[in-house]
>>> print(open('protein.tsv').read())   # TSV, C-alpha atoms
chain	number	residue	atom	x	y	z
A	169	MET	CA	-99.11	-110.16	-143.66
A	170	THR	CA	-99.62	-109.36	-147.34
A	171	LEU	CA	-102.70	-107.26	-148.04
A	172	PRO	CA	-104.29	-106.72	-151.45
A	173	ASN	CA	-103.52	-103.43	-153.15
A	174	VAL	CA	-106.58	-102.77	-155.28
A	175	TYR	CA	-105.19	-99.43	-156.50
A	176	SER	CA	-101.80	-100.62	-157.72
A	177	ASP	CA	-103.46	-100.34	-161.15
A	178	GLN	CA	-102.43	-96.87	-162.39
A	179	ARG	CA	-105.66	-96.25	-164.30
A	180	ARG	CA	-107.77	-97.07	-161.26
A	181	ALA	CA	-105.56	-94.98	-159.00
A	182	GLU	CA	-105.94	-92.00	-161.34
A	183	ALA	CA	-109.74	-92.36	-161.43
A	184	TYR	CA	-110.14	-92.81	-157.69
A	185	ALA	CA	-107.82	-89.90	-156.88
A	186	LYS	CA	-110.30	-87.52	-158.55
A	187	LEU	CA	-113.21	-88.72	-156.40
A	188	GLU	CA	-114.34	-86.48	-153.56
A	189	PHE	CA	-117.84	-86.59	-152.02
A	190	PRO	CA	-120.45	-87.11	-154.77
A	191	GLY	CA	-123.77	-88.88	-154.37
A	192	THR	CA	-123.69	-91.94	-152.16
A	193	TYR	CA	-120.20	-91.04	-150.98
A	194	TYR	CA	-121.63	-87.87	-149.46
A	195	LEU	CA	-123.55	-90.05	-147.00
A	196	ALA	CA	-120.36	-91.82	-145.97
A	197	TYR	CA	-118.85	-88.57	-144.70
A	198	ARG	CA	-121.85	-86.36	-143.87
A	199	ASP	CA	-122.19	-87.43	-140.24
A	200	ILE	CA	-118.54	-88.02	-139.39
A	201	PRO	CA	-117.91	-84.50	-138.00
A	202	GLU	CA	-120.80	-84.91	-135.57
A	203	ILE	CA	-119.73	-88.46	-134.68
A	204	ILE	CA	-116.16	-87.37	-133.99
A	205	ALA	CA	-117.31	-84.36	-131.97
A	206	LYS	CA	-119.40	-86.68	-129.80
A	207	HIS	CA	-116.82	-89.41	-129.24
A	208	VAL	CA	-113.33	-87.96	-129.69
A	209	THR	CA	-111.25	-85.63	-127.54
A	210	GLY	CA	-107.79	-84.51	-128.63
A	211	LYS	CA	-106.50	-83.71	-132.10
A	212	ARG	CA	-103.98	-86.41	-133.04
A	213	GLY	CA	-105.24	-88.59	-135.87
A	214	VAL	CA	-104.41	-91.37	-138.30
A	215	ASP	CA	-106.18	-92.02	-141.60
A	216	PHE	CA	-105.66	-95.75	-142.10
A	217	GLY	CA	-105.86	-96.71	-145.76
A	218	CYS	CA	-105.72	-93.08	-146.85
A	219	GLY	CA	-105.58	-93.71	-150.60
A	220	ALA	CA	-105.30	-90.36	-152.38
A	221	GLY	CA	-105.83	-88.53	-149.09
A	222	ARG	CA	-109.53	-87.69	-149.28
A	223	SER	CA	-110.20	-88.74	-145.67
A	224	THR	CA	-106.88	-87.29	-144.49
A	225	ARG	CA	-107.80	-83.88	-145.86
A	226	PHE	CA	-111.26	-84.29	-144.34
A	227	LEU	CA	-109.77	-84.86	-140.87
A	228	ALA	CA	-107.32	-82.00	-141.32
A	229	LYS	CA	-110.21	-79.63	-142.07
A	230	LEU	CA	-111.77	-80.74	-138.78
A	231	GLY	CA	-108.63	-79.49	-137.02
A	232	PHE	CA	-106.72	-82.74	-136.61
A	233	ASP	CA	-102.96	-83.18	-136.85
A	234	VAL	CA	-103.31	-86.23	-139.07
A	235	ILE	CA	-101.04	-88.81	-140.68
A	236	GLY	CA	-102.31	-90.63	-143.78
A	237	VAL	CA	-100.96	-94.16	-144.26
A	238	ASP	CA	-101.43	-96.65	-147.08
A	239	ILE	CA	-99.75	-99.67	-148.70
A	240	SER	CA	-100.18	-98.26	-152.23
A	241	ALA	CA	-97.23	-96.21	-153.46
A	242	GLU	CA	-99.38	-94.98	-156.34
A	243	MET	CA	-102.05	-93.61	-154.01
A	244	ILE	CA	-99.55	-92.05	-151.60
A	245	ALA	CA	-97.96	-90.27	-154.56
A	246	LYS	CA	-101.38	-88.94	-155.57
A	247	ALA	CA	-102.09	-87.81	-152.01
A	248	LYS	CA	-98.83	-85.87	-151.88
A	249	GLU	CA	-99.58	-84.35	-155.27
A	250	LEU	CA	-103.01	-83.18	-154.14
A	251	ALA	CA	-101.85	-81.91	-150.73
A	252	PRO	CA	-98.06	-81.34	-150.68
A	253	ALA	CA	-98.17	-80.10	-147.09
A	254	GLY	CA	-99.89	-83.25	-145.84
A	255	ASP	CA	-98.16	-86.01	-143.86
A	256	TYR	CA	-98.53	-89.15	-145.99
A	257	ARG	CA	-96.58	-92.31	-145.31
A	258	LEU	CA	-96.16	-95.57	-147.20
A	259	LEU	CA	-96.33	-98.42	-144.71
A	260	GLY	CA	-93.11	-100.43	-144.69
A	261	THR	CA	-92.13	-103.81	-143.33
A	262	GLU	CA	-92.71	-102.71	-139.73
A	263	GLY	CA	-96.32	-101.83	-140.51
A	264	LEU	CA	-98.33	-99.75	-138.09
A	265	SER	CA	-95.73	-100.02	-135.33
A	266	GLU	CA	-93.79	-97.36	-137.24
A	267	LEU	CA	-96.35	-94.80	-136.04
A	268	GLY	CA	-95.78	-95.35	-132.33
A	269	TYR	CA	-98.19	-96.85	-129.82
A	270	SER	CA	-100.74	-95.18	-127.52
A	271	ALA	CA	-100.38	-91.90	-129.38
A	272	TYR	CA	-103.57	-91.12	-131.33
A	273	ASP	CA	-106.96	-89.76	-130.36
A	274	VAL	CA	-108.78	-90.92	-133.48
A	275	ILE	CA	-108.08	-93.46	-136.19
A	276	LEU	CA	-110.35	-93.06	-139.20
A	277	SER	CA	-110.60	-95.90	-141.67
A	278	CYS	CA	-112.92	-95.34	-144.63
A	279	PHE	CA	-113.64	-98.31	-146.94
A	280	THR	CA	-110.24	-99.92	-146.20
A	281	PHE	CA	-111.65	-103.06	-144.63
A	282	ASP	CA	-113.90	-103.68	-147.64
A	283	ASN	CA	-110.69	-104.90	-149.28
A	284	VAL	CA	-109.21	-107.01	-146.47
A	285	PRO	CA	-110.34	-110.50	-147.43
A	286	LYS	CA	-109.69	-112.74	-144.43
A	287	ARG	CA	-111.15	-112.56	-140.95
A	288	GLU	CA	-107.79	-113.26	-139.31
A	289	GLU	CA	-106.22	-110.39	-141.26
A	290	LYS	CA	-108.95	-108.05	-140.06
A	291	VAL	CA	-108.39	-109.19	-136.47
A	292	ALA	CA	-104.64	-108.64	-136.76
A	293	LEU	CA	-105.07	-105.15	-138.21
A	294	PHE	CA	-107.65	-104.06	-135.66
A	295	THR	CA	-105.42	-105.38	-132.88
A	296	GLN	CA	-102.60	-103.19	-134.19
A	297	LEU	CA	-104.89	-100.19	-134.62
A	298	GLY	CA	-106.09	-100.58	-131.05
A	299	ARG	CA	-102.50	-100.35	-129.83
A	300	LEU	CA	-102.12	-96.98	-131.57
A	301	LEU	CA	-104.92	-95.42	-129.53
A	302	ALA	CA	-104.13	-93.00	-126.75
A	303	PRO	CA	-106.17	-93.38	-123.54
A	304	GLY	CA	-109.74	-92.48	-124.45
A	305	GLY	CA	-108.96	-92.74	-128.17
A	306	ARG	CA	-111.48	-94.02	-130.72
A	307	ILE	CA	-111.44	-95.89	-134.02
A	308	VAL	CA	-114.06	-94.75	-136.53
A	309	ASN	CA	-114.44	-97.57	-139.04
A	310	LEU	CA	-116.57	-96.84	-142.11
A	311	VAL	CA	-117.44	-99.88	-144.21
A	312	SER	CA	-119.90	-100.84	-146.92
A	313	SER	CA	-123.11	-102.37	-145.64
A	314	PRO	CA	-123.88	-105.73	-147.26
A	315	GLU	CA	-126.97	-104.11	-148.82
A	316	ILE	CA	-124.81	-101.86	-150.98
A	317	TYR	CA	-124.00	-104.90	-153.14
A	318	TRP	CA	-127.67	-105.84	-153.64
A	319	HIS	CA	-129.29	-102.62	-154.89
A	320	GLU	CA	-128.90	-99.65	-157.20
A	321	TRP	CA	-127.57	-96.32	-155.91
A	322	ALA	CA	-126.80	-92.79	-156.99
A	323	SER	CA	-123.11	-93.71	-157.20
A	324	PHE	CA	-123.12	-97.48	-157.74
A	325	SER	CA	-124.70	-100.17	-159.86
A	326	THR	CA	-124.92	-103.85	-158.97
A	327	LYS	CA	-127.60	-105.04	-161.41
A	328	ASP	CA	-125.02	-106.92	-163.50
A	329	PHE	CA	-123.97	-109.00	-160.48
A	330	PRO	CA	-127.03	-110.92	-159.16
A	331	GLU	CA	-124.63	-113.41	-157.57
A	332	ASN	CA	-123.85	-110.77	-154.94
A	333	ARG	CA	-127.12	-111.61	-153.19
A	334	SER	CA	-125.97	-115.13	-152.37
A	335	ALA	CA	-122.50	-114.08	-151.20
A	336	LYS	CA	-121.45	-115.21	-147.73
A	337	CYS	CA	-119.10	-113.53	-145.28
A	338	GLY	CA	-115.67	-113.19	-146.90
A	339	ASP	CA	-116.89	-113.75	-150.47
A	340	VAL	CA	-115.92	-111.41	-153.28
A	341	VAL	CA	-118.69	-109.12	-154.52
A	342	ARG	CA	-118.66	-106.70	-157.45
A	343	VAL	CA	-119.96	-103.21	-158.03
A	344	ILE	CA	-119.67	-100.55	-160.72
A	345	MET	CA	-118.69	-97.05	-159.57
A	346	LEU	CA	-120.73	-94.48	-161.52
A	347	ASP	CA	-118.84	-91.35	-160.42
A	348	VAL	CA	-115.49	-92.21	-162.03
A	349	GLU	CA	-114.33	-92.69	-165.60
A	350	ASP	CA	-113.04	-96.20	-164.92
A	351	ARG	CA	-116.18	-98.37	-165.11
A	352	ARG	CA	-114.46	-101.70	-164.65
A	353	PRO	CA	-116.05	-103.69	-161.80
A	354	VAL	CA	-114.60	-103.08	-158.37
A	355	GLU	CA	-114.17	-106.18	-156.24
A	356	ASP	CA	-114.88	-105.95	-152.51
A	357	VAL	CA	-115.31	-108.49	-149.75
A	358	ILE	CA	-118.73	-108.73	-148.12
A	359	PHE	CA	-118.67	-108.73	-144.32
A	360	PRO	CA	-121.90	-108.51	-142.27
A	361	GLU	CA	-122.26	-106.69	-138.95
A	362	GLU	CA	-122.31	-109.80	-136.79
A	363	ASP	CA	-118.97	-110.84	-138.25
A	364	TYR	CA	-117.45	-107.40	-137.72
A	365	ARG	CA	-118.56	-107.54	-134.10
A	366	ARG	CA	-116.75	-110.86	-133.66
A	367	VAL	CA	-113.63	-109.42	-135.24
A	368	TYR	CA	-113.69	-106.40	-132.95
A	369	ALA	CA	-114.10	-108.60	-129.89
A	370	GLU	CA	-111.19	-110.83	-130.93
A	371	ALA	CA	-109.06	-107.73	-131.48
A	372	GLY	CA	-109.79	-106.48	-127.97
A	373	LEU	CA	-112.07	-103.66	-129.07
A	374	ASP	CA	-115.49	-102.66	-127.78
A	375	VAL	CA	-118.24	-101.20	-129.97
A	376	VAL	CA	-119.23	-97.81	-128.55
A	377	ASP	CA	-121.80	-96.88	-131.19
A	378	VAL	CA	-123.03	-97.77	-134.68
A	379	TYR	CA	-124.37	-95.37	-137.32
A	380	ARG	CA	-126.24	-96.11	-140.56
A	381	PRO	CA	-126.64	-92.85	-142.50
A	382	LEU	CA	-129.68	-92.43	-144.72
A	383	GLY	CA	-130.25	-89.85	-147.44
A	384	ARG	CA	-132.62	-86.94	-146.82
A	385	THR	CA	-135.13	-85.66	-149.34
A	386	ASN	CA	-133.85	-82.08	-149.02
A	387	GLU	CA	-130.31	-83.02	-150.07
A	388	PRO	CA	-129.15	-82.09	-153.60
A	389	PHE	CA	-128.74	-85.63	-154.90
A	390	ALA	CA	-130.90	-87.92	-156.99
A	391	TRP	CA	-131.18	-90.63	-154.38
A	392	VAL	CA	-132.17	-94.08	-155.61
A	393	ASN	CA	-132.41	-96.31	-152.51
A	394	GLU	CA	-130.41	-94.15	-150.10
A	395	THR	CA	-133.42	-92.72	-148.24
A	396	THR	CA	-134.63	-96.14	-147.09
A	397	ILE	CA	-131.56	-98.41	-147.12
A	398	ALA	CA	-128.23	-97.45	-145.54
A	399	PRO	CA	-125.33	-98.10	-147.92
A	400	TRP	CA	-122.70	-97.55	-145.21
A	401	THR	CA	-122.13	-98.62	-141.62
A	402	ILE	CA	-119.97	-96.55	-139.28
A	403	TYR	CA	-118.61	-98.22	-136.14
A	404	VAL	CA	-117.08	-96.29	-133.25
A	405	LEU	CA	-114.65	-98.48	-131.31
A	406	LYS	CA	-112.53	-98.24	-128.20
A	407	ARG	CA	-109.96	-100.46	-126.55
A	408	GLY	CA	-111.51	-103.00	-124.23
A	409	LYS	CA	-110.58	-103.28	-120.59
>>> encode(input="protein.tsv", output="structure tokens")
Amino acid sequence: MTLPNVYSDQRRAEAYAKLEFPGTYYLAYRDIPEIIAKHVTGKRGVDFGCGAGRSTRFLAKLGFDVIGVDISAEMIAKAKELAPAGDYRLLGTEGLSELGYSAYDVILSCFTFDNVPKREEKVALFTQLGRLLAPGGRIVNLVSSPEIYWHEWASFSTKDFPENRSAKCGDVVRVIMLDVEDRRPVEDVIFPEEDYRRVYAEAGLDVVDVYRPLGRTNEPFAWVNETTIAPWTIYVLKRGK
């Protein structure tokens, strides 16, 4: 399987590597500690699609012994630069099987599946991720809600792409990231909840819980639509019986 590497572009990799938790991104991560505390036991973790290691470092601060994996050599290099003591691995020809099966208590995947274009590729990846889980392990899959491509946000603009509103499952949609220097449009793949649920079922995974974080008026951000529309969806998954 050949997956797209949206950050093979050096300029984009440099810009994204500087990004931490501003604005709308804050909502993506705000509730994850509580979600993990509720659903996860054990401290062995994988950050799937780690990029420059933002989520890997996040898990490590929560006390996890975590491995960050990615297909982008540029992003893995940035991750190692930012956290030399971290365990970051470039996925090779053996893919996720290199990590060992039934070994991990949590697999966190933030935004990765926004860039996996085909349903069958998603199914194949989630099947492999499920095999990595230890008994009682959980996958926490954070993805962009379809609504993120239809509105304006503290960290994103979509007003130049009205065609996003007519996009169907698997179509390419575009968004401008406002928190980085590189303002070229980012291309994602839109994938509604009902389609994710079908993918999970085909991959042998059960949905344990779903979270849709909203902004709060007492938070130090100039929210645009975040208090009424959830830009992110967080799925908690387990292996089916």
>>> atom_distance(input="protein.tsv", atom1="atom CA of A:Asp238", atom2="atom CA of A:Pro285")
16.5 Å
>>> residues_around(input="protein.tsv", residues="A:Ile402", least_positions_apart="4", cutoff="10 Å", atoms="all atoms listed in the file", output="number ranges by chain")
A: 196-197, 199-200, 203, 277-278, 308-313, 377-381
>>> atom_distance(input="protein.tsv", atom1="atom CA of A:Arg198", atom2="atom CA of A:Arg306")
18.4 Å
>>> residues_around(input="protein.tsv", residues="A:Ser270", least_positions_apart="5", cutoff="9 Å", atoms="only C-alpha atoms", output="number ranges by chain")
A: 298-303, 305
>>> residues_around(input="protein.tsv", residues="A:Leu259", least_positions_apart="6", cutoff="9 Å", atoms="only C-alpha atoms", output="NGL selection string")
:A and (237-240 or 266)
>>> residues_around(input="protein.tsv", residues="A:Glu331", least_positions_apart="2", cutoff="10 Å", atoms="only C-alpha atoms", output="JSON, numbers by chain")
{"A": [317, 318, 326, 327, 328, 329, 333, 334, 335, 340, 341, 342]}
>>> residues_around(input="protein.tsv", residues="A:Phe216", least_positions_apart="5", cutoff="12 Å", atoms="only C-alpha atoms", output="ChimeraX atom specification")
/A:221-224,227,234-240,244,256-259,263-264,267,272,274-281,293-294,296-297,300,307-310
>>> atom_distance(input="protein.tsv", atom1="atom CA of A:Gly231", atom2="atom CA of A:Pro252")
17.4 Å
>>> closest_residue(input="protein.tsv", among="A:Phe324, A:Glu370, A:Asp273, A:Leu195", to="A:Val348", atoms="only C-alpha atoms")
A:Phe324
>>> closest_residue(input="protein.tsv", among="A:Ala253, A:Cys218, A:Ala228, A:Val404", to="A:Tyr368", atoms="all atoms listed in the file")
A:Val404
>>> closest_residue(input="protein.tsv", among="A:Tyr193, A:His207, A:Gly372, A:Pro314", to="A:Tyr403", atoms="all atoms listed in the file")
A:His207
